[in-house]
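Asker: Enclosed is the structure file data06.csv (CSV, C-alpha atoms).
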```csv
chain,number,residue,atom,x,y,z
A,1,MET,CA,22.4,-14.1,61.0
A,2,ALA,CA,22.1,-17.5,62.7
A,3,VAL,CA,18.8,-19.1,63.3
A,4,PHE,CA,17.8,-20.2,66.8
A,5,VAL,CA,17.1,-24.0,67.2
A,6,LEU,CA,15.1,-25.8,69.8
A,7,GLY,CA,15.0,-29.5,70.5
A,8,LYS,CA,11.7,-31.4,70.4
A,9,ASN,CA,11.5,-30.9,74.2
A,10,LYS,CA,11.9,-27.1,73.7
A,11,GLN,CA,15.5,-27.2,75.0
A,12,PRO,CA,17.9,-24.7,73.3
A,13,LEU,CA,20.4,-26.2,70.8
A,14,MET,CA,23.3,-24.6,68.9
A,15,PRO,CA,22.0,-22.0,66.3
A,16,CYS,CA,22.3,-23.0,62.7
A,17,SER,CA,22.7,-21.2,59.4
A,18,GLU,CA,19.8,-19.9,57.4
A,19,LYS,CA,20.4,-22.5,54.6
A,20,ARG,CA,20.3,-25.4,57.1
A,21,ALA,CA,17.1,-24.0,58.7
A,22,ARG,CA,15.4,-23.7,55.3
A,23,LEU,CA,16.3,-27.3,54.5
A,24,LEU,CA,15.0,-28.6,57.8
A,25,LEU,CA,11.7,-26.8,57.3
A,26,GLU,CA,11.3,-28.1,53.7
A,27,ARG,CA,11.9,-31.6,54.7
A,28,GLY,CA,9.4,-31.4,57.6
A,29,ARG,CA,12.0,-32.0,60.3
A,30,ALA,CA,11.3,-28.6,62.0
A,31,VAL,CA,8.5,-26.1,62.6
A,32,VAL,CA,8.6,-22.4,63.1
A,33,VAL,CA,8.3,-21.1,66.7
A,34,ASN,CA,9.1,-17.4,66.3
A,35,LEU,CA,9.6,-15.0,63.4
A,36,THR,CA,11.6,-12.1,64.8
A,37,PRO,CA,14.2,-13.3,65.6
A,38,PHE,CA,13.6,-16.5,63.6
A,39,VAL,CA,13.4,-19.6,65.9
A,40,ILE,CA,12.6,-23.2,64.8
A,41,ARG,CA,11.9,-26.4,66.7
A,42,LEU,CA,13.2,-29.8,65.6
A,43,GLN,CA,10.7,-32.7,65.5
A,44,ASP,CA,13.2,-35.6,65.7
A,45,ARG,CA,16.1,-34.5,67.9
A,46,CYS,CA,16.6,-33.4,71.5
A,47,LEU,CA,19.4,-32.1,73.7
A,48,SER,CA,20.9,-35.5,74.4
A,49,ASP,CA,21.4,-36.1,70.7
A,50,CYS,CA,23.4,-32.8,70.1
A,51,ALA,CA,26.8,-31.4,71.1
A,52,LEU,CA,26.9,-27.9,72.6
A,53,GLN,CA,29.6,-25.4,72.6
A,54,PRO,CA,30.3,-22.5,75.1
A,55,THR,CA,28.2,-19.5,74.0
A,56,LEU,CA,28.6,-15.9,75.2
A,57,LEU,CA,25.9,-13.3,75.3
A,58,ALA,CA,27.4,-9.8,75.6
A,59,ALA,CA,25.7,-6.5,76.2
A,60,ASP,CA,26.7,-2.9,75.8
A,61,PRO,CA,24.1,-0.8,77.7
A,62,GLY,CA,23.5,2.7,76.6
A,63,SER,CA,21.1,5.6,77.4
A,64,LYS,CA,19.2,5.4,74.1
A,65,GLU,CA,20.2,2.1,72.6
A,66,THR,CA,21.6,-1.2,73.9
A,67,GLY,CA,23.7,-3.6,71.8
A,68,LEU,CA,23.5,-7.4,72.3
A,69,ALA,CA,25.8,-9.9,70.6
A,70,LEU,CA,25.5,-13.7,70.8
A,71,MET,CA,28.9,-15.4,70.1
A,72,ARG,CA,30.4,-18.8,70.1
A,73,LEU,CA,33.6,-19.3,72.1
A,74,GLU,CA,36.4,-21.3,70.4
A,75,ASN,CA,38.4,-24.1,72.0
A,76,ASN,CA,36.1,-24.3,75.1
A,77,ALA,CA,37.6,-21.1,76.4
A,78,THR,CA,35.8,-19.1,79.0
A,79,GLU,CA,35.8,-15.4,80.0
A,80,GLU,CA,37.7,-16.2,83.2
A,81,LYS,CA,40.6,-18.0,81.5
A,82,ALA,CA,42.8,-17.1,78.6
A,83,PRO,CA,41.5,-14.7,75.9
A,84,ALA,CA,39.3,-16.6,73.4
A,85,THR,CA,38.4,-16.4,69.7
A,86,ARG,CA,34.8,-15.3,69.3
A,87,HIS,CA,32.5,-16.2,66.4
A,88,VAL,CA,29.6,-13.8,66.1
A,89,LEU,CA,26.2,-15.6,65.6
A,90,CYS,CA,23.7,-12.8,66.0
A,91,LEU,CA,23.8,-9.0,66.6
A,92,PHE,CA,20.9,-7.1,68.1
A,93,GLN,CA,20.3,-3.4,68.7
A,94,LEU,CA,17.6,-2.6,71.3
A,95,VAL,CA,16.1,0.9,71.0
A,96,HIS,CA,14.9,2.3,74.4
A,97,ARG,CA,12.0,4.7,74.8
A,98,GLY,CA,13.1,6.3,78.0
A,99,PHE,CA,12.5,9.8,76.6
A,100,GLN,CA,8.9,9.0,75.8
A,101,ILE,CA,8.4,7.6,79.3
A,102,ARG,CA,9.9,10.7,80.8
A,103,GLN,CA,7.6,12.9,78.7
A,104,ALA,CA,4.5,10.9,79.7
A,105,LEU,CA,5.4,11.1,83.4
A,106,GLU,CA,5.9,14.9,83.1
A,107,GLN,CA,2.6,15.3,81.4
A,108,ARG,CA,0.9,13.2,84.1
A,109,ALA,CA,2.5,15.3,86.8
A,110,GLY,CA,1.2,18.4,85.1
A,111,PHE,CA,-2.3,17.1,85.0
A,112,ARG,CA,-2.2,16.1,88.7
A,113,ARG,CA,-0.7,19.5,89.6
A,114,ARG,CA,-3.6,21.3,87.8
A,115,ARG,CA,-6.2,19.2,89.5
A,116,ARG,CA,-4.7,19.8,92.9
A,117,SER,CA,-4.4,23.6,92.5
A,118,LYS,CA,-8.0,23.7,91.3
A,119,ASN,CA,-9.8,21.4,93.7
A,120,LEU,CA,-7.5,20.5,96.6
A,121,ARG,CA,-5.9,23.8,97.6
A,122,HIS,CA,-6.9,23.3,101.2
A,123,ARG,CA,-5.2,19.9,101.6
A,124,LYS,CA,-1.6,19.5,102.9
A,125,PRO,CA,0.9,18.1,100.3
A,126,ARG,CA,1.9,14.5,101.0
A,127,PHE,CA,4.9,14.1,98.6
A,128,ASP,CA,7.4,15.0,101.3
A,129,ASN,CA,6.7,11.9,103.5
A,130,ARG,CA,7.0,9.3,100.7
A,131,THR,CA,10.3,7.4,100.7
A,132,LYS,CA,11.9,5.4,97.8
A,133,PRO,CA,13.1,1.9,98.3
A,134,LYS,CA,16.8,1.1,98.2
A,135,GLY,CA,18.1,0.7,94.6
A,136,TRP,CA,15.2,2.7,93.2
A,137,LEU,CA,15.6,4.0,89.7
A,138,ALA,CA,13.5,6.5,87.8
A,139,PRO,CA,11.0,4.8,85.5
A,140,SER,CA,12.8,6.0,82.3
A,141,LEU,CA,16.0,4.3,83.7
A,142,GLN,CA,14.4,1.2,85.1
A,143,HIS,CA,12.8,0.7,81.6
A,144,ARG,CA,16.3,0.2,80.1
A,145,VAL,CA,17.1,-2.5,82.7
A,146,ASP,CA,13.8,-4.3,82.3
A,147,THR,CA,13.7,-4.4,78.5
A,148,THR,CA,17.3,-5.5,78.3
A,149,MET,CA,16.7,-8.3,80.9
A,150,ALA,CA,13.6,-9.3,79.0
A,151,TRP,CA,15.6,-9.9,75.8
A,152,VAL,CA,18.4,-11.6,77.8
A,153,ASP,CA,15.8,-14.0,79.1
A,154,LYS,CA,14.4,-14.7,75.6
A,155,LEU,CA,17.9,-15.3,74.1
A,156,CYS,CA,18.8,-17.6,77.0
A,157,ARG,CA,15.6,-19.6,76.3
A,158,TRP,CA,16.5,-19.9,72.5
A,159,ALA,CA,20.2,-20.4,72.7
A,160,PRO,CA,22.4,-22.5,75.1
A,161,VAL,CA,24.1,-19.4,76.7
A,162,THR,CA,26.9,-20.5,79.1
A,163,HIS,CA,28.4,-17.1,79.8
A,164,LEU,CA,27.3,-13.4,80.1
A,165,SER,CA,29.4,-10.3,79.6
A,166,MET,CA,28.6,-6.6,79.7
A,167,GLU,CA,30.3,-3.3,79.7
A,168,LEU,CA,29.9,-2.3,83.4
A,169,VAL,CA,31.8,1.0,83.7
A,170,ARG,CA,31.5,3.2,80.7
A,171,PHE,CA,34.0,5.8,82.0
A,172,ASP,CA,36.6,5.7,84.7
A,173,LEU,CA,35.4,8.5,86.9
A,174,GLN,CA,38.3,8.2,89.3
A,175,LYS,CA,40.8,8.6,86.5
A,176,MET,CA,39.0,11.7,85.3
A,177,GLU,CA,38.7,13.3,88.7
A,178,ASN,CA,42.3,12.6,89.6
A,179,PRO,CA,44.5,12.3,86.5
A,180,GLU,CA,47.7,11.9,88.6
A,181,ILE,CA,46.5,8.7,90.2
A,182,SER,CA,49.3,6.2,90.6
A,183,GLY,CA,49.5,2.6,89.6
A,184,ILE,CA,51.1,0.5,86.9
A,185,GLU,CA,47.7,0.0,85.1
A,186,TYR,CA,47.5,3.8,84.4
A,187,GLN,CA,51.2,4.4,84.0
A,188,GLN,CA,52.1,1.6,81.6
A,189,GLY,CA,48.8,-0.1,80.5
A,190,THR,CA,47.6,-0.4,76.9
A,191,LEU,CA,44.4,1.4,77.9
A,192,LEU,CA,46.2,4.6,78.9
A,193,GLY,CA,44.1,7.5,77.7
A,194,TYR,CA,41.3,5.6,76.2
A,195,GLU,CA,38.8,6.2,79.0
A,196,VAL,CA,39.2,10.0,79.1
A,197,ARG,CA,39.3,10.3,75.3
A,198,GLU,CA,36.1,8.3,74.8
A,199,TYR,CA,34.2,10.4,77.4
A,200,LEU,CA,35.3,13.6,75.7
A,201,LEU,CA,34.2,12.4,72.3
A,202,GLU,CA,30.7,11.6,73.6
A,203,LYS,CA,30.5,14.8,75.7
A,204,TRP,CA,31.3,17.0,72.7
A,205,GLY,CA,29.3,15.1,70.1
A,206,ARG,CA,32.4,13.7,68.3
A,207,GLU,CA,33.1,17.0,66.6
A,208,CYS,CA,35.5,19.9,67.1
A,209,ALA,CA,34.3,21.9,70.1
A,210,TYR,CA,35.5,25.1,68.4
A,211,CYS,CA,34.6,25.0,64.7
A,212,GLY,CA,32.1,22.1,64.7
A,213,THR,CA,33.9,20.0,62.2
A,214,GLY,CA,33.2,16.3,62.6
A,215,ASP,CA,34.8,14.5,59.7
A,216,THR,CA,38.4,14.9,60.8
A,217,PRO,CA,40.7,13.3,63.5
A,218,LEU,CA,40.2,15.0,66.8
A,219,GLU,CA,42.8,15.8,69.5
A,220,ILE,CA,42.5,16.3,73.2
A,221,GLU,CA,42.9,20.0,74.0
A,222,HIS,CA,43.4,22.0,77.2
A,223,VAL,CA,40.9,24.9,77.3
A,224,VAL,CA,43.1,26.8,79.7
A,225,ALA,CA,46.6,26.0,78.5
A,226,LYS,CA,49.0,24.2,80.8
A,227,SER,CA,51.4,27.1,80.4
A,228,ARG,CA,48.8,29.2,82.1
A,229,ASN,CA,48.5,26.7,85.0
A,230,GLY,CA,45.6,24.9,83.4
A,231,SER,CA,44.9,21.4,84.9
A,232,SER,CA,44.4,18.1,83.2
A,233,ARG,CA,41.0,17.5,84.9
A,234,VAL,CA,38.2,16.6,82.5
A,235,SER,CA,36.5,19.9,83.2
A,236,ASN,CA,39.4,21.6,81.5
A,237,LEU,CA,39.6,19.2,78.5
A,238,THR,CA,37.9,19.2,75.2
A,239,VAL,CA,38.4,17.8,71.7
A,240,ALA,CA,39.5,19.9,68.7
A,241,CYS,CA,40.6,19.4,65.2
A,242,HIS,CA,44.3,19.8,64.4
A,243,ASP,CA,43.9,23.3,62.9
A,244,CYS,CA,42.0,24.7,65.9
A,245,ASN,CA,44.3,23.0,68.4
A,246,GLN,CA,47.4,24.6,66.8
A,247,ALA,CA,45.8,28.0,66.3
A,248,LYS,CA,44.5,28.3,69.8
A,249,ASP,CA,47.9,27.4,71.4
A,250,SER,CA,47.9,29.1,74.8
A,251,GLN,CA,45.3,31.8,74.1
A,252,TRP,CA,42.4,32.4,76.4
A,253,LEU,CA,39.1,31.0,75.0
A,254,ALA,CA,37.4,34.4,74.5
A,255,ASP,CA,40.4,35.9,72.8
A,256,PHE,CA,40.7,32.9,70.4
A,257,PHE,CA,37.1,33.2,69.3
A,258,ALA,CA,37.4,37.0,68.9
A,259,THR,CA,40.7,37.3,67.0
A,260,ASN,CA,41.3,34.1,65.0
A,261,LYS,CA,40.3,34.6,61.4
A,262,GLY,CA,40.8,31.0,60.4
A,263,LEU,CA,38.4,29.9,63.1
A,264,LYS,CA,35.8,32.4,61.9
A,265,LYS,CA,36.2,31.2,58.4
A,266,ARG,CA,35.6,27.6,59.4
A,267,LEU,CA,32.6,28.5,61.5
A,268,LYS,CA,31.1,30.4,58.6
A,269,ALA,CA,31.6,27.4,56.3
A,270,ASN,CA,29.7,25.3,58.8
A,271,GLY,CA,27.0,27.8,59.2
A,272,LEU,CA,27.9,28.7,62.8
A,273,SER,CA,28.3,32.0,64.7
A,274,ALA,CA,31.4,32.7,66.8
A,275,ASP,CA,29.4,34.2,69.7
A,276,VAL,CA,27.0,31.3,69.8
A,277,ARG,CA,29.8,28.8,69.5
A,278,LEU,CA,31.7,30.4,72.4
A,279,GLU,CA,28.6,30.4,74.6
A,280,ARG,CA,28.1,26.7,73.8
A,281,VAL,CA,31.6,25.8,74.7
A,282,GLN,CA,31.5,27.7,78.0
A,283,ARG,CA,28.2,26.1,78.9
A,284,GLN,CA,29.4,22.6,77.9
A,285,LEU,CA,32.5,23.0,80.0
A,286,LYS,CA,30.4,23.5,83.1
A,287,LEU,CA,28.4,20.3,82.7
A,288,PRO,CA,29.3,17.8,85.5
A,289,LEU,CA,29.8,14.1,85.2
A,290,ARG,CA,26.1,13.6,86.0
A,291,ASP,CA,25.4,12.0,82.6
A,292,ALA,CA,28.2,9.4,83.0
A,293,THR,CA,27.0,8.7,86.6
A,294,ALA,CA,23.4,8.1,85.4
A,295,VAL,CA,24.6,5.7,82.8
A,296,ASN,CA,26.8,3.9,85.2
A,297,ALA,CA,23.9,3.6,87.7
A,298,THR,CA,21.8,1.9,85.1
A,299,ARG,CA,24.7,-0.5,84.3
A,300,TRP,CA,25.1,-1.5,87.9
A,301,ALA,CA,21.4,-2.2,88.2
A,302,LEU,CA,21.6,-4.4,85.0
A,303,TYR,CA,24.7,-6.1,86.4
A,304,GLY,CA,22.8,-7.1,89.5
A,305,SER,CA,19.9,-8.4,87.4
A,306,LEU,CA,22.3,-10.5,85.2
A,307,LYS,CA,23.8,-12.1,88.3
A,308,THR,CA,20.4,-13.4,89.2
A,309,THR,CA,20.4,-15.6,86.1
A,310,GLY,CA,23.0,-17.9,87.8
A,311,LEU,CA,25.4,-17.7,84.8
A,312,PRO,CA,29.0,-16.4,85.2
A,313,VAL,CA,29.0,-12.7,84.4
A,314,ALA,CA,32.2,-11.1,83.1
A,315,VAL,CA,32.6,-7.3,82.9
A,316,GLY,CA,34.7,-4.8,80.9
A,317,SER,CA,35.1,-1.1,80.7
A,318,GLY,CA,34.3,1.3,77.9
A,319,GLY,CA,38.0,2.0,77.4
A,320,ARG,CA,38.8,-1.6,76.7
A,321,THR,CA,35.9,-1.8,74.2
A,322,LYS,CA,37.3,1.2,72.4
A,323,TYR,CA,40.7,-0.4,72.4
A,324,ASN,CA,39.3,-3.6,70.9
A,325,HIS,CA,37.5,-1.6,68.2
A,326,GLN,CA,40.7,0.2,67.1
A,327,ARG,CA,42.9,-2.9,67.5
A,328,LEU,CA,40.7,-5.0,65.2
A,329,GLY,CA,39.5,-2.3,62.8
A,330,ILE,CA,35.8,-2.8,63.6
A,331,PRO,CA,33.3,0.0,63.0
A,332,LYS,CA,31.4,1.5,65.9
A,333,THR,CA,27.8,0.4,66.3
A,334,HIS,CA,26.0,-0.6,69.5
A,335,ALA,CA,25.8,-4.2,68.5
A,336,LEU,CA,29.5,-4.4,67.6
A,337,ASP,CA,30.3,-2.6,70.8
A,338,ALA,CA,28.7,-5.5,72.7
A,339,ALA,CA,30.8,-8.0,70.6
A,340,CYS,CA,34.0,-6.1,71.6
A,341,VAL,CA,33.3,-6.0,75.3
A,342,GLY,CA,35.9,-7.7,77.5
A,343,LYS,CA,39.2,-9.4,76.9
A,344,PHE,CA,39.7,-11.6,73.9
A,345,ASP,CA,42.1,-12.3,71.0
A,346,THR,CA,40.1,-12.2,67.7
A,347,LEU,CA,36.6,-11.7,66.5
A,348,LYS,CA,35.2,-13.6,63.6
A,349,GLY,CA,32.0,-13.3,61.6
A,350,TRP,CA,31.2,-9.8,62.7
A,351,ARG,CA,30.2,-8.7,59.2
A,352,VAL,CA,26.6,-9.9,59.6
```
So, in terms of structure tokens, how does the structure I just supplied come out?
Answerer:
Amino acid sequence: MAVFVLGKNKQPLMPCSEKRARLLLERGRAVVVNLTPFVIRLQDRCLSDCALQPTLLAADPGSKETGLALMRLENNATEEKAPATRHVLCLFQLVHRGFQIRQALEQRAGFRRRRRSKNLRHRKPRFDNRTKPKGWLAPSLQHRVDTTMAWVDKLCRWAPVTHLSMELVRFDLQKMENPEISGIEYQQGTLLGYEVREYLLEKWGRECAYCGTGDTPLEIEHVVAKSRNGSSRVSNLTVACHDCNQAKDSQWLADFFATNKGLKKRLKANGLSADVRLERVQRQLKLPLRDATAVNATRWALYGSLKTTGLPVAVGSGGRTKYNHQRLGIPKTHALDAACVGKFDTLKGWRV
């Protein structure tokens, strides 16, 4: 991990290695400013004495965790021009507490409801005449935007960030609602299928929807087979292992769970019941795109906040991030998701 460096006038300089920071501290040329992350301030150099390079701060917002990656761009490339080679300097994983905020607000509402029912039964309720301002988000969602922006502001104070990038749209809802949409990007593009597949993997917990196996390649499966006039809408799609996909074939869902012995054997090995699993699949299929819409709403709010920094903000989709992961053979973590956002050639130094 790189160490953040400030000039003697507290202006951000290029981060340095841990070894160089240790030598600067031992020789009395720098003092410690912050411990986590580690920031030092030089005693004898300022911004005019140093050369800066273009630096990118990328973010991958999520519902529970947000990944941040600080990277150096090679050959003075920018996000608006040709794809660049990125050198990872620091990776961060910000854990949100939206669930705790929601629980606290529900508890507070319960306390207020009890006080009102006990002492103020005669008063007319007032909650119907209270309007919310434009762009309002629930506190559990606004918390994600505020904490992410707080860390973006800190990193911009500690590093000479010249560009910002974020994953703006996690899932292409238009593509999922209308799979037959026309256009060369969907017909011949390299991202064909990545958007829908990534959404299905998250919706079904990255495991086979039928037998619950997770340590195996998963395939997109039509719940109602296309031979039975089943559509390709996301509400009729799931992910299944190869054995379940082949065994189900064109059967109805209930018949498959009731008659297939191989499925029952795999369910028993995983400690699952066929009836409970069937009920879960049917319930999961009815879930709307509300979760994806909520995540996208938070991302748009964060995008608007990032634009207020005055730095150029580039955006990418979740499908392209997934494509970059598989193209470069990079494991999936929130911080590395941030490093893979957008369009670029190669990523160096990500094993930090």
Asker: Using all atoms listed in the file, list the residues that have an atom at most 12 Å from (29.3, -0.2, 69.2), coordinates as in the file, as JSON, numbers by chain.
Answerer: {"A": [58, 59, 60, 61, 62, 65, 66, 67, 68, 69, 91, 92, 93, 167, 318, 321, 322, 323, 324, 325, 326, 330, 331, 332, 333, 334, 335, 336, 337, 338, 339, 340, 341, 350]}
Asker: Extract, using all atoms listed in the file, all DNA, RNA and protein residues at most 10 Å from Val33 (chain A), discarding same-chain residues fewer than 4 positions from it, and format them as a ChimeraX atom specification.
Answerer: /A:4-6,10,37-41
Asker: CA of Glu219 (chain A) and CA of Leu285 (chain A) are how many Å apart?
Answerer: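 CA of Leu285 (chain A) lies 16.4 Å from CA of Glu219 (chain A).
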Asker: Got a sec to check which residues sit within 10 Å of (33.2, 19.6, 67.8), counting all atoms listed in the file, and write them as an NGL selection string?
Answerer: :A and (201 or 203-216 or 218 or 238-241 or 277 or 281)
Asker: Name the closest residue to Met166 (chain A) among the candidates A:Ala247, A:Arg351, A:Leu57, A:Leu13; distances are taken between atoms, counting only C-alpha atoms.
Answerer: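 For Met166 (chain A), the nearest of the given residues is A:Leu57.
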Asker: Taking 6 positions as the minimum chain separation for residues in the same chain, which residues sit within 8 Å of Arg97 (chain A) when counting all atoms listed in the file? Answer as a list in words.
Answerer: Lys64, Ser140 and His143 of chain A
Asker: May I ask for the distance between CA of Ser250 (chain A) and CA of Gly230 (chain A), given in Å to one decimal place?
Answerer: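 Straight-line distance from CA of Ser250 (chain A) to CA of Gly230 (chain A) works out to 9.8 Å.
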Asker: Would you compute the distance between CA of Thr298 (chain A) and CA of Asp153 (chain A)? Give it in Å to one decimal.
Answerer: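 Interatomic distance here is 18.0 Å.
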Asker: Compile the contact shell of Ala138 (chain A) as a PDB file with C-alpha atoms, in the frame of the given file: residues with an atom at most 12 Å away, counting only C-alpha atoms, same-chain residues fewer than 2 positions apart removed.
Answerer:
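See selection28.pdb below for the written result:
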```pdb
ATOM      1  CA  GLY A  98      13.100   6.300  78.000  1.00  0.00           C
ATOM      2  CA  PHE A  99      12.500   9.800  76.600  1.00  0.00           C
ATOM      3  CA  ILE A 101       8.400   7.600  79.300  1.00  0.00           C
ATOM      4  CA  ARG A 102       9.900  10.700  80.800  1.00  0.00           C
ATOM      5  CA  LEU A 105       5.400  11.100  83.400  1.00  0.00           C
ATOM      6  CA  LYS A 132      11.900   5.400  97.800  1.00  0.00           C
ATOM      7  CA  PRO A 133      13.100   1.900  98.300  1.00  0.00           C
ATOM      8  CA  GLY A 135      18.100   0.700  94.600  1.00  0.00           C
ATOM      9  CA  TRP A 136      15.200   2.700  93.200  1.00  0.00           C
ATOM     10  CA  SER A 140      12.800   6.000  82.300  1.00  0.00           C
ATOM     11  CA  LEU A 141      16.000   4.300  83.700  1.00  0.00           C
ATOM     12  CA  GLN A 142      14.400   1.200  85.100  1.00  0.00           C
ATOM     13  CA  HIS A 143      12.800   0.700  81.600  1.00  0.00           C
ATOM     14  CA  ARG A 144      16.300   0.200  80.100  1.00  0.00           C
ATOM     15  CA  VAL A 145      17.100  -2.500  82.700  1.00  0.00           C
ATOM     16  CA  ALA A 294      23.400   8.100  85.400  1.00  0.00           C
ATOM     17  CA  ALA A 297      23.900   3.600  87.700  1.00  0.00           C
ATOM     18  CA  THR A 298      21.800   1.900  85.100  1.00  0.00           C
ATOM     19  CA  ALA A 301      21.400  -2.200  88.200  1.00  0.00           C
TER      20      ALA A 301
END
```
Asker: So, with only C-alpha atoms as the atoms that count, which of A:Cys90, A:Pro139, A:Leu56, A:Arg113 lies closest to Glu18 (chain A)?
Answerer: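 Comparing A:Cys90, A:Pro139, A:Leu56, A:Arg113 against Glu18 (chain A), the winner is A:Cys90.
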Asker: Of the candidates A:Arg283, A:Ser317, A:Phe344, A:Thr309, which shows the shortest atom-to-atom distance to Val196 (chain A), using all atoms listed in the file?
Answerer: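 Distance minimum relative to Val196 (chain A) lands on A:Ser317.
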